[in-house]
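S.K.: I am sharing input_5.cif, which consists of mmCIF, C-alpha atoms:
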data_structure
#
loop_
_atom_site.label_atom_id
_atom_site.label_comp_id
_atom_site.auth_asym_id
_atom_site.auth_seq_id
_atom_site.Cartn_x
_atom_site.Cartn_y
_atom_site.Cartn_z
CA MET A 1 50.65 310.07 -18.28
CA LYS A 2 48.91 313.16 -16.91
CA GLY A 3 50.48 316.57 -17.37
CA SER A 4 51.46 317.02 -13.74
CA LYS A 5 53.04 313.56 -13.50
CA LEU A 6 54.91 314.12 -16.76
CA PHE A 7 56.18 317.44 -15.47
CA ILE A 8 57.32 315.93 -12.15
CA PHE A 9 59.09 313.19 -14.10
CA GLY A 10 60.82 315.88 -16.17
CA ILE A 11 61.98 317.75 -13.07
CA PHE A 12 63.44 314.59 -11.55
CA ILE A 13 65.26 313.77 -14.78
CA ALA A 14 66.55 317.35 -14.91
CA LEU A 15 67.89 317.16 -11.35
CA PHE A 16 69.82 313.97 -12.10
CA TYR A 17 70.67 314.68 -15.73
CA LEU A 18 74.22 315.77 -14.92
CA SER A 19 75.01 312.56 -13.04
CA TYR A 20 77.05 311.47 -16.07
CA ARG A 21 79.68 314.07 -15.17
CA TYR A 22 81.17 312.41 -12.11
CA ALA A 23 80.51 308.85 -13.32
CA PHE A 24 82.30 309.28 -16.66
CA GLN A 25 84.53 312.26 -15.77
CA ILE A 26 82.95 314.52 -18.38
CA ASN A 27 82.78 318.27 -17.84
CA SER A 28 85.51 320.65 -18.95
CA SER A 29 89.14 319.77 -19.49
CA THR A 30 90.04 323.44 -18.96
CA THR A 31 88.80 323.69 -15.37
CA SER A 32 89.06 319.98 -14.54
CA PRO A 33 92.40 318.44 -15.65
CA THR A 34 91.26 314.85 -15.03
CA TYR A 35 88.06 315.32 -17.07
CA SER A 36 87.26 315.40 -20.78
CA ASP A 37 85.06 317.99 -22.48
CA THR A 38 81.30 317.51 -22.68
CA PRO A 39 80.05 316.26 -26.08
CA ILE A 40 77.65 318.64 -27.78
CA ILE A 41 74.87 316.04 -27.76
CA LEU A 42 74.90 315.95 -23.94
CA SER A 43 74.88 319.75 -23.75
CA LEU A 44 71.91 320.03 -26.09
CA GLY A 45 70.16 316.89 -24.84
CA LYS A 46 68.66 318.55 -21.79
CA TYR A 47 67.02 321.27 -23.87
CA ILE A 48 65.56 318.79 -26.35
CA PHE A 49 64.25 316.51 -23.60
CA LEU A 50 62.79 319.30 -21.46
CA SER A 51 61.23 320.99 -24.49
CA ILE A 52 59.20 317.81 -25.04
CA ILE A 53 58.31 317.56 -21.33
CA PHE A 54 57.10 321.18 -21.20
CA ALA A 55 55.36 321.09 -24.58
CA LEU A 56 53.24 317.92 -24.29
CA PRO A 57 50.96 319.13 -21.45
CA ILE A 58 50.58 322.52 -23.15
CA ILE A 59 49.57 320.90 -26.46
CA TYR A 60 47.17 318.59 -24.62
CA PHE A 61 45.38 321.44 -22.83
CA ILE A 62 45.24 323.70 -25.89
CA THR A 63 43.67 320.97 -28.00
CA SER A 64 41.39 319.57 -25.31
CA LYS A 65 37.93 320.69 -24.23
CA LYS A 66 39.42 321.72 -20.89
CA MET A 67 41.00 324.74 -22.53
CA SER A 68 37.86 326.83 -22.04
CA THR A 69 38.14 326.51 -18.26
CA ASN A 70 41.86 326.00 -17.75
CA VAL A 71 43.68 328.26 -20.16
CA GLY A 72 45.54 331.04 -18.39
CA PHE A 73 44.48 334.14 -20.29
CA ILE A 74 40.77 333.87 -19.40
CA ARG A 75 41.33 333.64 -15.65
CA LYS A 76 40.98 336.53 -13.30
CA TYR A 77 44.43 337.69 -12.32
CA ASP A 78 45.43 340.14 -9.64
CA SER A 79 47.70 343.13 -10.27
CA ILE A 80 50.92 341.29 -9.35
CA GLN A 81 50.17 338.45 -11.74
CA VAL A 82 49.12 340.75 -14.58
CA LEU A 83 52.31 342.77 -14.21
CA SER A 84 54.42 339.61 -14.07
CA ILE A 85 52.82 338.38 -17.31
CA ILE A 86 53.59 341.70 -19.02
CA VAL A 87 57.17 341.67 -17.71
CA THR A 88 57.68 338.09 -18.86
CA PHE A 89 56.42 338.79 -22.37
CA ALA A 90 58.72 341.82 -22.54
CA LEU A 91 61.70 339.79 -21.30
CA PHE A 92 61.07 336.91 -23.69
CA SER A 93 60.47 339.23 -26.65
CA LEU A 94 63.68 341.14 -25.95
CA GLY A 95 65.69 337.98 -25.38
CA ILE A 96 64.48 336.04 -28.40
CA THR A 97 64.78 339.07 -30.70
CA ILE A 98 68.36 339.83 -29.63
CA GLY A 99 69.28 336.16 -29.63
CA LEU A 100 67.97 335.43 -33.13
CA LEU A 101 69.01 338.69 -34.80
CA ALA A 102 72.53 338.49 -33.40
CA SER A 103 72.74 334.66 -33.74
CA ASN A 104 73.58 334.63 -30.04
CA ILE A 105 73.25 331.05 -28.77
CA TYR A 106 74.02 332.15 -25.20
CA ALA A 107 71.10 334.61 -25.32
CA VAL A 108 68.67 331.93 -26.49
CA GLU A 109 69.87 329.48 -23.81
CA SER A 110 69.57 332.15 -21.11
CA ILE A 111 65.85 332.68 -21.73
CA PHE A 112 64.91 329.06 -22.53
CA PHE A 113 63.65 328.26 -19.04
CA LEU A 114 62.06 331.68 -18.56
CA GLY A 115 59.86 331.09 -21.59
CA SER A 116 59.20 327.36 -21.28
CA ILE A 117 58.32 327.27 -17.57
CA PHE A 118 56.18 330.40 -17.84
CA ALA A 119 54.25 328.86 -20.75
CA PHE A 120 53.70 325.64 -18.84
CA LEU A 121 52.40 327.30 -15.68
CA PHE A 122 50.39 329.82 -17.72
CA PHE A 123 48.45 327.18 -19.64
CA TYR A 124 48.36 324.45 -17.03
CA ASP A 125 47.24 325.00 -13.46
CA PHE A 126 50.19 323.24 -11.83
CA ALA A 127 51.39 325.89 -9.37
CA ASN A 128 48.76 325.02 -6.78
CA LYS A 129 49.93 321.40 -6.72
CA TYR A 130 53.58 322.32 -6.78
CA PHE A 131 54.00 323.24 -3.09
CA PHE A 132 52.34 320.08 -1.88
CA ILE A 133 54.45 317.97 -4.23
CA LEU A 134 57.55 319.65 -2.81
CA LYS A 135 56.44 318.87 0.72
CA LYS A 136 56.35 315.23 -0.30
CA TYR A 137 59.64 315.03 -2.20
CA LEU A 138 61.90 317.69 -0.65
CA LEU A 139 63.34 315.40 2.02
CA HIS A 140 63.82 312.51 -0.41
CA ILE A 141 65.81 314.72 -2.76
CA VAL A 142 68.04 316.25 -0.09
CA PHE A 143 68.98 312.84 1.35
CA ILE A 144 69.89 311.50 -2.11
CA PHE A 145 72.09 314.52 -2.89
CA ILE A 146 73.78 314.43 0.53
CA PHE A 147 74.46 310.69 0.24
CA ILE A 148 76.06 311.10 -3.20
CA ASP A 149 78.15 314.05 -1.97
CA LEU A 150 79.40 312.13 1.07
CA PHE A 151 80.15 309.12 -1.16
CA GLN A 152 82.27 311.32 -3.44
CA ILE A 153 84.14 312.68 -0.42
CA PHE A 154 84.74 309.11 0.78
CA LEU A 155 86.12 308.06 -2.62
CA PHE A 156 88.47 311.03 -2.62
CA PHE A 157 90.01 310.16 0.75
CA TYR A 158 89.96 306.40 0.11
CA ILE A 159 91.26 306.10 -3.49
CA GLY A 160 92.03 309.71 -4.44
CA ARG A 161 89.14 310.03 -6.92
CA LEU A 162 88.93 313.68 -7.92
CA PRO A 163 85.66 315.48 -8.71
CA ALA A 164 85.41 318.32 -11.22
CA LEU A 165 87.16 321.62 -10.41
CA ALA A 166 89.80 319.69 -8.43
CA TYR A 167 93.57 319.42 -8.71
CA GLU A 168 95.97 316.72 -7.54
CA ASN A 169 98.23 317.52 -4.57
CA SER A 170 96.09 320.52 -3.73
CA ILE A 171 93.52 321.45 -1.09
CA SER A 172 91.37 322.82 -3.91
CA VAL A 173 89.10 319.79 -4.12
CA ARG A 174 85.50 320.91 -4.38
CA PHE A 175 82.50 318.60 -4.23
CA GLY A 176 79.23 319.20 -6.07
CA SER A 177 77.25 315.98 -5.56
CA VAL A 178 75.10 314.96 -8.56
CA PHE A 179 75.86 318.17 -10.45
CA ASP A 180 79.64 317.81 -10.01
CA ASP A 181 79.56 321.60 -9.93
CA SER A 182 80.49 323.07 -6.57
CA ASN A 183 79.22 326.61 -7.24
CA GLY A 184 75.85 325.46 -8.54
CA PHE A 185 75.48 322.89 -5.77
CA ALA A 186 76.21 325.46 -3.04
CA VAL A 187 73.31 327.59 -4.29
CA PHE A 188 71.14 324.51 -4.83
CA LEU A 189 71.59 323.53 -1.16
CA ALA A 190 69.66 326.67 -0.20
CA LEU A 191 66.58 324.85 -1.52
CA PHE A 192 66.85 322.57 1.52
CA SER A 193 67.66 325.24 4.10
CA PHE A 194 64.43 324.71 6.05
CA ALA A 195 63.87 321.08 5.03
CA PRO A 196 65.00 319.86 8.50
CA ASP A 197 61.87 321.49 9.95
CA LEU A 198 59.82 318.91 8.04
CA LEU A 199 61.24 316.14 10.25
CA LYS A 200 59.37 315.32 13.45
CA ASN A 201 62.36 314.23 15.54
CA LYS A 202 64.50 317.11 16.89
CA PHE A 203 67.68 315.01 16.84
CA ASN A 204 67.13 314.10 13.17
CA ARG A 205 66.50 317.75 12.35
CA ASN A 206 69.86 318.76 13.82
CA ILE A 207 71.67 315.90 12.07
CA LEU A 208 70.24 317.01 8.73
CA ARG A 209 71.28 320.62 9.40
CA ILE A 210 74.84 319.47 10.14
CA LEU A 211 74.96 317.35 6.97
CA ILE A 212 73.72 320.26 4.82
CA PHE A 213 76.31 322.54 6.43
CA LEU A 214 79.13 320.01 5.79
CA CYS A 215 78.11 319.63 2.15
CA LEU A 216 78.03 323.41 1.84
CA ILE A 217 81.56 323.75 3.27
CA ALA A 218 82.78 320.93 0.99
CA THR A 219 81.87 323.02 -2.08
CA GLN A 220 84.59 325.56 -1.14
CA SER A 221 82.46 328.10 -3.01
CA LEU A 222 82.85 331.38 -1.13
CA THR A 223 80.13 333.05 -3.17
CA GLY A 224 77.78 330.09 -2.81
CA ILE A 225 78.38 329.79 0.94
CA SER A 226 78.02 333.53 1.50
CA SER A 227 74.83 333.81 -0.54
CA PHE A 228 73.36 330.79 1.30
CA ILE A 229 74.09 332.27 4.74
CA VAL A 230 72.87 335.78 3.85
CA ALA A 231 69.66 334.44 2.26
CA TYR A 232 69.05 332.10 5.20
CA ILE A 233 69.42 334.91 7.74
CA LEU A 234 67.15 337.21 5.69
CA VAL A 235 64.40 334.57 5.61
CA LEU A 236 64.78 333.92 9.35
CA LEU A 237 64.36 337.66 9.95
CA LEU A 238 61.35 337.75 7.63
CA ARG A 239 59.71 334.84 9.47
CA PHE A 240 60.29 336.59 12.78
CA LEU A 241 58.78 339.85 11.51
CA LEU A 242 55.76 338.07 9.98
CA PHE A 243 55.03 335.50 12.65
CA ARG A 244 56.88 336.84 15.71
CA LYS A 245 58.35 333.38 16.29
CA ARG A 246 60.91 333.65 19.06
CA ASN A 247 62.35 330.30 17.98
CA ASP A 248 63.59 331.81 14.70
CA LEU A 249 65.30 334.66 16.53
CA ILE A 250 66.88 332.32 19.10
CA PHE A 251 67.97 329.92 16.36
CA MET A 252 69.59 332.79 14.44
CA GLN A 253 71.57 333.81 17.55
CA VAL A 254 72.64 330.20 18.14
CA LEU A 255 73.62 329.96 14.48
CA PHE A 256 75.90 333.00 14.76
CA PHE A 257 77.42 331.59 17.96
CA LEU A 258 78.11 328.14 16.47
CA PHE A 259 79.47 329.62 13.25
CA GLY A 260 81.83 331.80 15.31
CA ILE A 261 83.09 328.73 17.20
CA PHE A 262 83.53 326.85 13.92
CA ILE A 263 85.64 329.67 12.44
CA MET A 264 87.74 329.90 15.62
CA VAL A 265 88.44 326.15 15.70
CA ILE A 266 89.35 326.10 12.01
CA TRP A 267 91.62 329.11 12.48
CA LEU A 268 93.42 327.64 15.53
CA TYR A 269 93.91 324.06 14.37
CA LEU A 270 94.02 324.32 10.58
CA PHE A 271 95.86 327.61 10.16
CA GLU A 272 98.28 326.30 7.49
CA TYR A 273 95.42 325.02 5.37
CA ILE A 274 93.62 328.32 5.83
CA GLN A 275 96.65 330.19 4.51
CA LEU A 276 96.83 327.93 1.43
CA PHE A 277 93.10 328.26 0.90
CA ILE A 278 93.27 332.07 1.10
CA GLU A 279 96.13 332.12 -1.42
CA LEU A 280 94.15 329.96 -3.85
CA LYS A 281 90.98 332.00 -3.40
CA SER A 282 92.82 335.31 -3.77
CA LEU A 283 93.71 334.34 -7.35
CA SER A 284 90.09 333.43 -8.04
CA ALA A 285 88.89 336.63 -6.37
CA GLU A 286 91.13 338.72 -8.63
CA GLN A 287 89.56 337.10 -11.70
CA HIS A 288 86.06 337.81 -10.38
CA ILE A 289 86.90 341.41 -9.43
CA ASN A 290 88.52 342.06 -12.82
CA VAL A 291 85.18 341.31 -14.45
CA PHE A 292 83.69 344.42 -12.87
CA SER A 293 86.38 346.53 -14.54
CA MET A 294 84.33 345.91 -17.69
CA LEU A 295 81.82 348.42 -16.37
CA ASN A 296 84.10 351.04 -17.90
CA GLN A 297 83.40 349.51 -21.32
CA ILE A 298 79.65 350.07 -21.15
CA THR A 299 78.40 352.11 -24.11
CA GLY A 300 75.02 353.46 -25.15
CA LYS A 301 74.52 350.43 -27.39
CA THR A 302 75.30 348.10 -24.47
CA LEU A 303 72.65 349.77 -22.34
CA LEU A 304 70.07 349.54 -25.12
CA VAL A 305 70.55 346.10 -26.68
CA GLY A 306 73.69 344.58 -25.18
CA GLY A 307 75.60 343.26 -28.18
CA SER A 308 78.05 340.77 -26.69
CA GLN A 309 78.18 337.17 -27.87
CA GLY A 310 78.08 334.99 -24.79
CA MET A 311 79.59 335.20 -21.34
CA VAL A 312 81.84 338.16 -20.62
CA GLY A 313 82.84 337.04 -17.12
CA GLU A 314 81.88 335.52 -13.80
CA SER A 315 79.02 337.90 -12.99
CA GLY A 316 75.59 336.79 -14.12
CA TYR A 317 74.15 340.30 -14.03
CA LEU A 318 77.02 341.67 -16.14
CA ASN A 319 76.57 338.84 -18.63
CA LEU A 320 72.89 339.73 -18.96
CA LEU A 321 73.70 343.43 -19.26
CA PHE A 322 76.31 342.98 -21.99
CA ASN A 323 74.15 340.53 -23.94
CA PHE A 324 70.64 341.97 -23.53
CA GLY A 325 70.97 345.55 -22.30
CA ALA A 326 69.92 347.48 -19.19
CA LEU A 327 66.17 347.15 -19.78
CA PHE A 328 66.42 343.36 -19.70
CA VAL A 329 68.31 343.41 -16.39
CA PHE A 330 65.80 345.88 -14.92
CA LEU A 331 62.87 343.65 -15.96
CA GLN A 332 64.60 340.60 -14.44
CA ILE A 333 64.96 342.41 -11.12
CA LEU A 334 61.34 343.62 -11.35
CA LEU A 335 60.18 340.04 -11.90
CA LEU A 336 62.17 338.98 -8.84
CA LEU A 337 60.53 341.71 -6.72
CA LEU A 338 57.07 340.68 -7.93
CA SER A 339 57.75 337.06 -6.97
CA PHE A 340 58.94 338.22 -3.55
CA LEU A 341 55.63 340.07 -3.03
CA ALA A 342 53.76 336.95 -4.13
CA ALA A 343 55.83 334.90 -1.65
CA LEU A 344 54.90 337.29 1.19
CA ARG A 345 51.25 336.82 0.30
CA LEU A 346 51.70 333.05 0.48
CA PHE A 347 53.37 333.33 3.89
CA TYR A 348 50.30 335.16 5.17
CA HIS A 349 48.00 332.63 3.53
CA PHE A 350 49.77 329.65 5.16
CA LYS A 351 50.27 331.34 8.52
CA GLY A 352 50.04 328.71 11.24
CA ASN A 353 50.82 325.84 8.85
CA ASN A 354 54.37 324.88 9.88
CA ILE A 355 54.92 322.42 7.03
CA ALA A 356 53.81 324.88 4.33
CA THR A 357 55.83 327.77 5.80
CA SER A 358 58.91 325.54 6.01
CA VAL A 359 58.60 324.64 2.33
CA LEU A 360 58.00 328.29 1.41
CA SER A 361 60.99 329.36 3.51
CA SER A 362 63.24 326.90 1.67
CA LEU A 363 61.99 328.08 -1.72
CA LEU A 364 62.44 331.75 -0.85
CA THR A 365 65.93 331.11 0.55
CA PHE A 366 66.89 329.50 -2.76
CA ILE A 367 65.50 332.42 -4.78
CA LEU A 368 67.38 334.95 -2.63
CA SER A 369 70.58 332.88 -2.61
CA TYR A 370 70.48 332.59 -6.41
CA SER A 371 69.86 336.33 -6.82
CA ILE A 372 72.72 337.27 -4.48
CA ALA A 373 75.16 334.76 -5.98
CA MET A 374 74.42 336.11 -9.48
CA ILE A 375 76.51 339.16 -8.56
CA ASN A 376 79.63 336.99 -8.66
CA LEU A 377 78.58 333.78 -10.47
CA PRO A 378 77.15 333.21 -13.99
CA LEU A 379 74.21 331.15 -12.74
CA GLU A 380 72.01 332.16 -15.67
CA GLY A 381 73.80 329.40 -17.61
CA VAL A 382 74.16 326.83 -14.82
CA PHE A 383 71.75 323.92 -15.30
CA PRO A 384 69.55 322.88 -13.50
CA VAL A 385 69.88 325.75 -11.00
CA ASN A 386 68.64 328.26 -13.59
CA MET A 387 65.64 326.05 -14.37
CA LEU A 388 64.73 325.73 -10.68
CA TYR A 389 64.98 329.49 -10.24
CA TYR A 390 62.25 330.17 -12.82
CA LEU A 391 60.17 327.21 -11.70
CA ILE A 392 60.02 328.49 -8.11
CA LEU A 393 59.69 332.13 -9.14
CA TYR A 394 56.66 331.46 -11.36
CA SER A 395 55.17 329.05 -8.83
CA PHE A 396 55.12 331.93 -6.36
CA LEU A 397 53.49 334.18 -8.93
CA PHE A 398 50.87 331.75 -10.27
CA TYR A 399 49.80 330.16 -7.03
CA ARG A 400 46.19 331.29 -6.55
CA ARG A 401 44.45 331.38 -3.17
CA ILE A 402 41.01 331.26 -4.78
CA ASP A 403 39.82 328.75 -7.37
CA TYR A 404 37.49 329.48 -10.27
CA ASN A 405 34.41 329.23 -8.04
CA GLN A 406 35.92 331.63 -5.49
CA LYS A 407 36.41 328.84 -2.95
CA GLU A 408 39.46 328.59 -0.73
CA ILE A 409 41.90 325.90 -1.84
#
Would you kindly transcribe this structure into structure tokens?

M.R.:
Amino acid sequence: MKGSKLFIFGIFIALFYLSYRYAFQINSSTTSPTYSDTPIILSLGKYIFLSIIFALPIIYFITSKKMSTNVGFIRKYDSIQVLSIIVTFALFSLGITIGLLASNIYAVESIFFLGSIFAFLFFYDFANKYFFILKKYLLHIVFIFIFIDLFQIFLFFYIGRLPALAYENSISVRFGSVFDDSNGFAVFLALFSFAPDLLKNKFNRNILRILIFLCLIATQSLTGISSFIVAYILVLLLRFLLFRKRNDLIFMQVLFFLFGIFIMVIWLYLFEYIQLFIELKSLSAEQHINVFSMLNQITGKTLLVGGSQGMVGESGYLNLLFNFGALFVFLQILLLLLSFLAALRLFYHFKGNNIATSVLSSLLTFILSYSIAMINLPLEGVFPVNMLYYLILYSFLFYRRIDYNQKEI
């Protein structure tokens, strides 16, 4: 099996790896009363499997004759790519040093995908193929995830089957499709934000938008929903500024109008449920807000090397700060900014190509949604969302407009 096919196979397995959760009611007995805790072998299994998937193509190219022409460090890189390589090596060095010296399993897990995906794309020229593969599979994936989510909703209303993070005799029933994780799924849905544009039929495009929106609402994840909407609007604005497409501006206005009507209808006809929902979410909000009170506990040591052992709360950025230190968080944000610049360059490169810009828009919406949600969600440890974040981020950075012979690709 060729490296690219093996990698694609690995990504598909990763996306559906957590399907055992809903099927066998395995997740966390603490947050899901009807579920049992995840066995350690299932928690570690994904890392073992993906390590093999990432490593085999790398070993093949290092040991093959193709290394002289394919290996990453002899290519000509531009300034953004060179800086991203330096930042990545600094991040990985910091993370692995702190993780091993402090025996911090959380720290090692948090940088696993940063290191493995970077190594794969560095040694193997896969990024150029990646966008065209996504164009082919993006719609297939979104329809599968929507179907499974709708099926779970059907089972809940028909036989009372509860998903994870759900309680009997409560409106707090949150659906997360294959992941069985409503917060992670809400952010994951951003990956399909512009997928409807890939459909030719206007009616089908609108149906898919409605289905994505319904699945998003069914997560009941306020942070996930908010980050999705904010990221989506930001990308619409970016597309308008870059391409001056009036359709994006008109669609954004229609979106605000329809969302306003939706809120009004919900408020008028489901007011009692809204009150209950607000009461439930107020308790959750207090827990999230209390995490930020830990800012008062920041010391000089925390800023330098972190020092905590694992998650300290529901904020991904605070978890990274308390485990790795301020420099690590700064480098993570710098890497994000570099990938954003690389994405802008790709938008210019694919200007006029509606399919390519739609795929890019979906990818960028996911990256922004993930980054915004990290303020209030510990996504750095949420699989496979964390894996997809680095995969897309490095695909932006390592996509090259010019091949080795300086020909357009």

S.K.: Looking at A:Leu377, A:Leu336, A:Ile392, A:Ala23, which one is nearest to Arg161 of chain A, with distances taken over only C-alpha atoms?

M.R.: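 Of the candidates, the smallest distance to Arg161 of chain A is held by A:Ala23.
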
S.K.: At a cut-off of 9 Å from (76.6, 335.8, -6.7) in the coordinates of the file, what residues are picked up using all atoms listed in the file, written as a PyMOL selection string?

M.R.: chain A and resi 223-224+226-227+314-317+369-379

S.K.: May I have the protein, DNA and RNA residues with an atom at most 12 Å from (67.8, 345.2, -16.4), counting only C-alpha atoms in the file's coordinates, returned as number ranges by chain?

M.R.: A: 87, 90-91, 94-95, 302-306, 316-336

S.K.: So how many Å separate atom CA of Ile96 of chain A and atom CA of Phe113 of chain A, to one decimal?

M.R.: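 Answer for the atom CA of Ile96 of chain A to atom CA of Phe113 of chain A separation: 12.2 Å.
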
S.K.: Between atom CA of Ile85 of chain A and atom CA of Ser358 of chain A, what distance in Å does the model show, to one decimal?

M.R.: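 Here the two named atoms are 27.3 Å from each other.
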
S.K.: Could you please determine the separation between atom CA of Phe192 of chain A and atom CA of Leu138 of chain A in Å, to one decimal place?

M.R.: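 That distance, rounded to one decimal, is 7.3 Å.
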
S.K.: Name the closest residue to Phe396 of chain A among the candidates A:Ala190, A:Val82, A:Leu237, A:Ala342; distances are taken between atoms, counting all atoms listed in the file.

M.R.: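 Smallest distance to Phe396 of chain A is found for A:Ala342.
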
S.K.: From the set A:Phe7, A:Tyr167, A:Tyr17, A:Phe203, which residue has the shortest atom-to-atom contact distance to Tyr35 of chain A, counting all atoms listed in the file?

M.R.: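 Residue with the minimum atom-to-atom distance to Tyr35 of chain A: A:Tyr167.
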
S.K.: Would you mind listing what lies within 10 Å of segment 207-216 of chain A as a ChimeraX atom specification, with all atoms listed in the file counted and same-chain residues fewer than 6 positions away left out?

M.R.: /A:139,142-143,145-147,149-150,153,174-177,182-183,185-190,192-197,199,222,224-225,228

S.K.: Using only C-alpha atoms, can you tell me which of A:Phe12, A:Phe89, A:Tyr399, A:Tyr77 comes closest to Gly115 of chain A?

M.R.: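 For Gly115 of chain A, the nearest of the candidates is A:Phe89.
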
S.K.: Measuring atom to atom with all atoms listed in the file, identify which of A:Leu338, A:Leu165, A:Ile367, A:Leu155 is nearest to Gln81 of chain A.

M.R.: A:Leu338

S.K.: Using all atoms listed in the file, pick whichever of A:Gly352, A:Ala166, A:Gly99, A:Gln152 has the shortest atom-to-atom distance to Val178 of chain A.

M.R.: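 Counting all atoms listed in the file, the residue closest to Val178 of chain A is A:Gln152.
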
S.K.: Going by the chain IDs and residue numbers used in this file, which residues fall under the PyMOL selection byres ((chain A and resi 26) around 10)? Write them as a PDB file with C-alpha atoms, keeping the file's coordinate frame.

M.R.:
ATOM      1  CA  LEU A  18      74.220 315.770 -14.920  1.00  0.00           C
ATOM      2  CA  SER A  19      75.010 312.560 -13.040  1.00  0.00           C
ATOM      3  CA  TYR A  20      77.050 311.470 -16.070  1.00  0.00           C
ATOM      4  CA  ARG A  21      79.680 314.070 -15.170  1.00  0.00           C
ATOM      5  CA  TYR A  22      81.170 312.410 -12.110  1.00  0.00           C
ATOM      6  CA  ALA A  23      80.510 308.850 -13.320  1.00  0.00           C
ATOM      7  CA  PHE A  24      82.300 309.280 -16.660  1.00  0.00           C
ATOM      8  CA  GLN A  25      84.530 312.260 -15.770  1.00  0.00           C
ATOM      9  CA  ASN A  27      82.780 318.270 -17.840  1.00  0.00           C
ATOM     10  CA  SER A  28      85.510 320.650 -18.950  1.00  0.00           C
ATOM     11  CA  SER A  29      89.140 319.770 -19.490  1.00  0.00           C
ATOM     12  CA  SER A  32      89.060 319.980 -14.540  1.00  0.00           C
ATOM     13  CA  THR A  34      91.260 314.850 -15.030  1.00  0.00           C
ATOM     14  CA  TYR A  35      88.060 315.320 -17.070  1.00  0.00           C
ATOM     15  CA  SER A  36      87.260 315.400 -20.780  1.00  0.00           C
ATOM     16  CA  ASP A  37      85.060 317.990 -22.480  1.00  0.00           C
ATOM     17  CA  THR A  38      81.300 317.510 -22.680  1.00  0.00           C
ATOM     18  CA  PRO A  39      80.050 316.260 -26.080  1.00  0.00           C
ATOM     19  CA  LEU A  42      74.900 315.950 -23.940  1.00  0.00           C
ATOM     20  CA  ALA A 164      85.410 318.320 -11.220  1.00  0.00           C
ATOM     21  CA  ASP A 180      79.640 317.810 -10.010  1.00  0.00           C
TER      22      ASP A 180
END

S.K.: Can you tell me which residues surround Leu134 of chain A at a distance of at most 12 Å, considering all atoms listed in the file, apart from same-chain residues fewer than 6 positions away, and format the answer as a list in words?

M.R.: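 Non-adjacent residues within range: Ile8, Ile11, Phe12, Ala127, Asn128, His140, Ile141, Val142, Leu191, Phe192, Ala195, Leu198, Ile355, Ala356, Thr357, Ser358, Val359, Leu360, Ser362, Leu363, Leu391, Ile392 and Ser395 of chain A.
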